[in-house]
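One structure below.
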Amino acid sequence: MTSITGVGVSPGRVVGPVVQMPPAVAEPAPDGALPAGATPETETERIKAAAKSVQAVLKSRAAAATGDAAEVLKATALMAADPMLVKSAAKLLAAGRSAERAVWEAGGQVAEQLRSLGGYMAERAADVLDVRARIVAELRGEPAPGIPDSAGPVILAAEDLAPADTATLDPDRIIALVTAGGGPQSHTAIIARALGLPAVVAAAGVTELPEGTEVYVDGAAGLVVTDPGEAELAAAAEYAARPTLPPFNGTGTTADGHRVPLLANVGGGEEAAVAAAAGAEGVGLLRTEFCFLNRTEEPTVEEQVEAYKAVFDAFPGKKVVVRTLDAGADKPLPFLTDATEPNPALGVRGYRTDLTSPGVLERQLAAIAQAAAQSQAQVWVMAPMISTAGEAGRFATLCADAGLKTSGVMVEVPSAAVTAGSILKRVDFVSLGTNDLTQYTMAADRQLGPLAALNDPWQPAVLRLVQATVDGARQAAAGEQEPAKPVGVCGESAADPALAVVLVGLGVATLSMTARSLPGVAAVLGSTTLEQARELAALALSADSAAEARAAVRSKLPILETLGL
Amino acid sequence: MPERTATVASRVGLHARPAAIFAEAAGEQPVEVTIALAGTPADEAMDASSILSLMSLGAEFGAQVVLRAEGEGAEEALDALVKVLETDHDAA
């Protein structure tokens with residue numbers, strides 16, 4: 001029995017066999033010659049055979065899938081043996097390329113063509129690149145890329161997961177995620193929480209576990225144990241038998257009745273409908289990138305109005321906080337961001353893109369105002385990546401000019417937390433984006449596994465900046481008759497029930513999270529009084545490390561164990 | 001060379017599901033069939049059984065396309081494919 005310690009990012013305790021995610025298919029060398037004895041003709045036949053077998057695999061997956069997924073897989077299966085793809089690869093073979101390189105280049109050309117057409121076609125470019133990788137893997141005799149097909153239930157081990165992997169991640173088959181890389185804010189962590197799967201990231205060594213090894217995963221403690229013993233099996237059995245959480249009743253409060261509205265983070269109309277059904281009291285973060293991603297050109301105002309209205313219509317009479325376009329860093333957009341920046345996390349991103357691409361933000365605000373006028377939702381608007389009170393003031397003016405009544409900003413940059421008082425003299429609310437606030441406070445890239453321990457929202461320094469923001473809001477209100485302007489949290493930290501209690505204790509007014517986390521956060525918050533939350537906040541603030549803060553708070557919240565959170 | 005002009009009946013145009021259905025049907029014919037937007041030169045016509053070619057053709061709802069084929073069974077193949085094109089597969 002050996003154990004690997006990583007960072008627990010999504011709670012739950014399970015036991016199962018490991019399947020390894022195959023590494024991404026490497027680009028074939030450009031100068032690869034034909035193998036001895038091969039001719040362009042024999043290699044064309046080899047490509048055709050590989051394409052046919054990839055097509056057969058995709059077809060059988062399409063037959064097993066339902067709805068939209070089945071349609072997409074069927075179309076992808078047709079692409080695999082597409083005569084145009086095979087013909088252009090054959091031409092490249094005649095020009096002296098190896099079979100692998102010919103397929104690679106032919107697929108790349110087709111993807112490029114589709115991308116240049118924009119819209120729906122551009123989205124299909126990713127399918128062509130997937131097909132290309134599968135054919136190259138087949139030619140080499142390597143396992144197909146992507147999440148392996150297996151009967152399940154299995155525990156998926158990987159270096160890290162990409163957003164594209166979510167589409168094929170079936171939570172009925174995959175019961176936990178363990179990655180060697182990634183951090184608490186990585187895509188793996190976000191996916192795991194959204195699907196409710198136990199997950200441990202930054203667990204060095206999990207990619208070396210032999211296929212089929214039986215392991216125990218504790219997603220709260222950050223543990224991966226091979227050849228689990230009786231204690232582990234019992235812990236997993238206890239977790240499997242945990243009481244099911246009651247659904248969120250739609251009113252977030254502490255045990256003594258202090259109201260804390262629980263909102264949802266959504267990225268479009270469909271997710272908004274799911275969140276409304278889960279009892280969310282509104283939307284605390286609408287990521288408007290969803291309507292811009294994979295686009296080579298800015299969407300029209302009409303397209304944007306339609307997309308935003310779909311979200312507003314899911315929450316009539318309720319609050320919906322719209323975050324304006326947050327492009328840059330890990331979310332590049334060709335018409336807004338410069339991909340050659342040496343340090344994109346500190347580059348022209350979020351609100352800052354208005355400096356280099358003026359007009360996009362104004363058109364977006366016009367679209368939001370138009371959609372708001374056609375719906376019953378209370379629409380609030382906020383800008384990401386604000387560093388100064390001056391920027392906040394200018395954003396408030398732009399919102400007012402667009403006819404939007406309530407404007408605010410995200411607090412993600414430490415300077416905004418420190419100057420929250422000045423900022424709140426110019427805008428109506430702030431919302432803490434704890435993922436970026438953590439990476440900037442700790443100067444630790446959120447995608448890097450080795451920095452995962454630094455990149456933890458339980459870091460006392462991050463909690464002190466939350467406190468500074470709440471204090472700023474109180475100072476801004478001092479002397480005026482009105483109560484302090486609201487400080488919300490819409491980062492991943494609000495989805496951690498223990499940390500949610502600490503945030504409320506620090507004076508945060510609303511919490512916004514993935515809809516799946518609402519029942520857990522509501523249950524734990526509802527069992528804690530405001531006074532207890534304040535004591536837990538003081539405990540966390542005085543800790544020396546993130547691990548100590550987390551352990552100290554968790555030990556005072558036994559309900560977490562009972563509920564398997 | 002036998003040819004037919006047909007109107008794309010699927011409301012999403014010749015993309016996605018309608019394109020997949022059409023490419024599959026074209027691939028099942030005993031002869032090679034080409035497709036081009038009406039009014040474009042015949043030598044720019046593309047392989048009708050290639051979903052990637054169909055997608056890059058950009059034939060929207062209501063667009064007129066010309067199908068061409070040669071050899072034994074060409075007439076029957078063209079008739080069958082016109083039927084596929086003039087059905088709204090998006091309605092299903």
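Note on naming: chains are A, B, ... as they come in the structure tokens, residues start from 1 per chain, ligands start from 1 in the order shown.
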12 Å contacts from chain B to chain A using only C-alpha atoms, as a ChimeraX atom specification: /B:12-27,32,46-58,90
Within 10 Å of segment 530-545 of chain A using only C-alpha atoms, minus same-chain residues under 2 positions, as a PyMOL selection string: chain A and resi 253-259+453-454+456+458-464+467+498-507+525-528+547-554+556-557
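Here atom CA of Ser512 of chain A is placed at a distance of 25.5 Å from atom CA of Asp160 of chain A.
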Within 9 Å of Val65 of chain B using only C-alpha atoms, minus same-chain residues under 6 positions, as an MDAnalysis selection string: chainID B and resid 4:8 35:39 59
All residues 7 Å or closer to segment 233-242 of chain A, only C-alpha atoms, same chain fewer than 3 positions away omitted, as a VMD selection string: chain A and resid 12 to 15 228 to 230 563 to 564
9 Å contact set for Gly347 of chain A, only C-alpha atoms, chain neighbours under 3 positions out, as a PyMOL selection string: chain A and resi 328-329+338+341-344+352
Keeping only N, CA and C atoms, write the selected residues as a PDB file, in the first residue's frame.
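File again_21.pdb, as written:
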```pdb
ATOM      1  N   GLY A 328      -8.509  36.593 -23.137  1.00  0.00           N
ATOM      2  CA  GLY A 328      -7.095  36.728 -22.821  1.00  0.00           C
ATOM      3  C   GLY A 328      -6.641  35.620 -21.912  1.00  0.00           C
ATOM      4  N   ALA A 329      -5.309  35.521 -21.706  1.00  0.00           N
ATOM      5  CA  ALA A 329      -4.693  34.462 -20.903  1.00  0.00           C
ATOM      6  C   ALA A 329      -5.136  33.098 -21.425  1.00  0.00           C
ATOM      7  N   ASP A 338      -3.779  39.295 -28.254  1.00  0.00           N
ATOM      8  CA  ASP A 338      -2.525  39.118 -28.966  1.00  0.00           C
ATOM      9  C   ASP A 338      -1.860  37.857 -28.424  1.00  0.00           C
ATOM     10  N   GLU A 341       1.861  37.656 -26.698  1.00  0.00           N
ATOM     11  CA  GLU A 341       2.281  38.302 -25.454  1.00  0.00           C
ATOM     12  C   GLU A 341       3.184  37.364 -24.656  1.00  0.00           C
ATOM     13  N   PRO A 342       4.295  37.886 -24.107  1.00  0.00           N
ATOM     14  CA  PRO A 342       5.192  36.994 -23.359  1.00  0.00           C
ATOM     15  C   PRO A 342       4.567  36.507 -22.051  1.00  0.00           C
ATOM     16  N   ASN A 343       3.589  37.222 -21.491  1.00  0.00           N
ATOM     17  CA  ASN A 343       3.075  36.871 -20.173  1.00  0.00           C
ATOM     18  C   ASN A 343       1.570  37.148 -20.132  1.00  0.00           C
ATOM     19  N   PRO A 344       0.779  36.301 -20.800  1.00  0.00           N
ATOM     20  CA  PRO A 344      -0.634  36.628 -21.022  1.00  0.00           C
ATOM     21  C   PRO A 344      -1.470  36.836 -19.751  1.00  0.00           C
ATOM     22  N   ARG A 352      -9.237  45.169 -19.958  1.00  0.00           N
ATOM     23  CA  ARG A 352      -8.122  45.837 -20.640  1.00  0.00           C
ATOM     24  C   ARG A 352      -8.188  45.741 -22.164  1.00  0.00           C
TER      25      ARG A 352
END
```
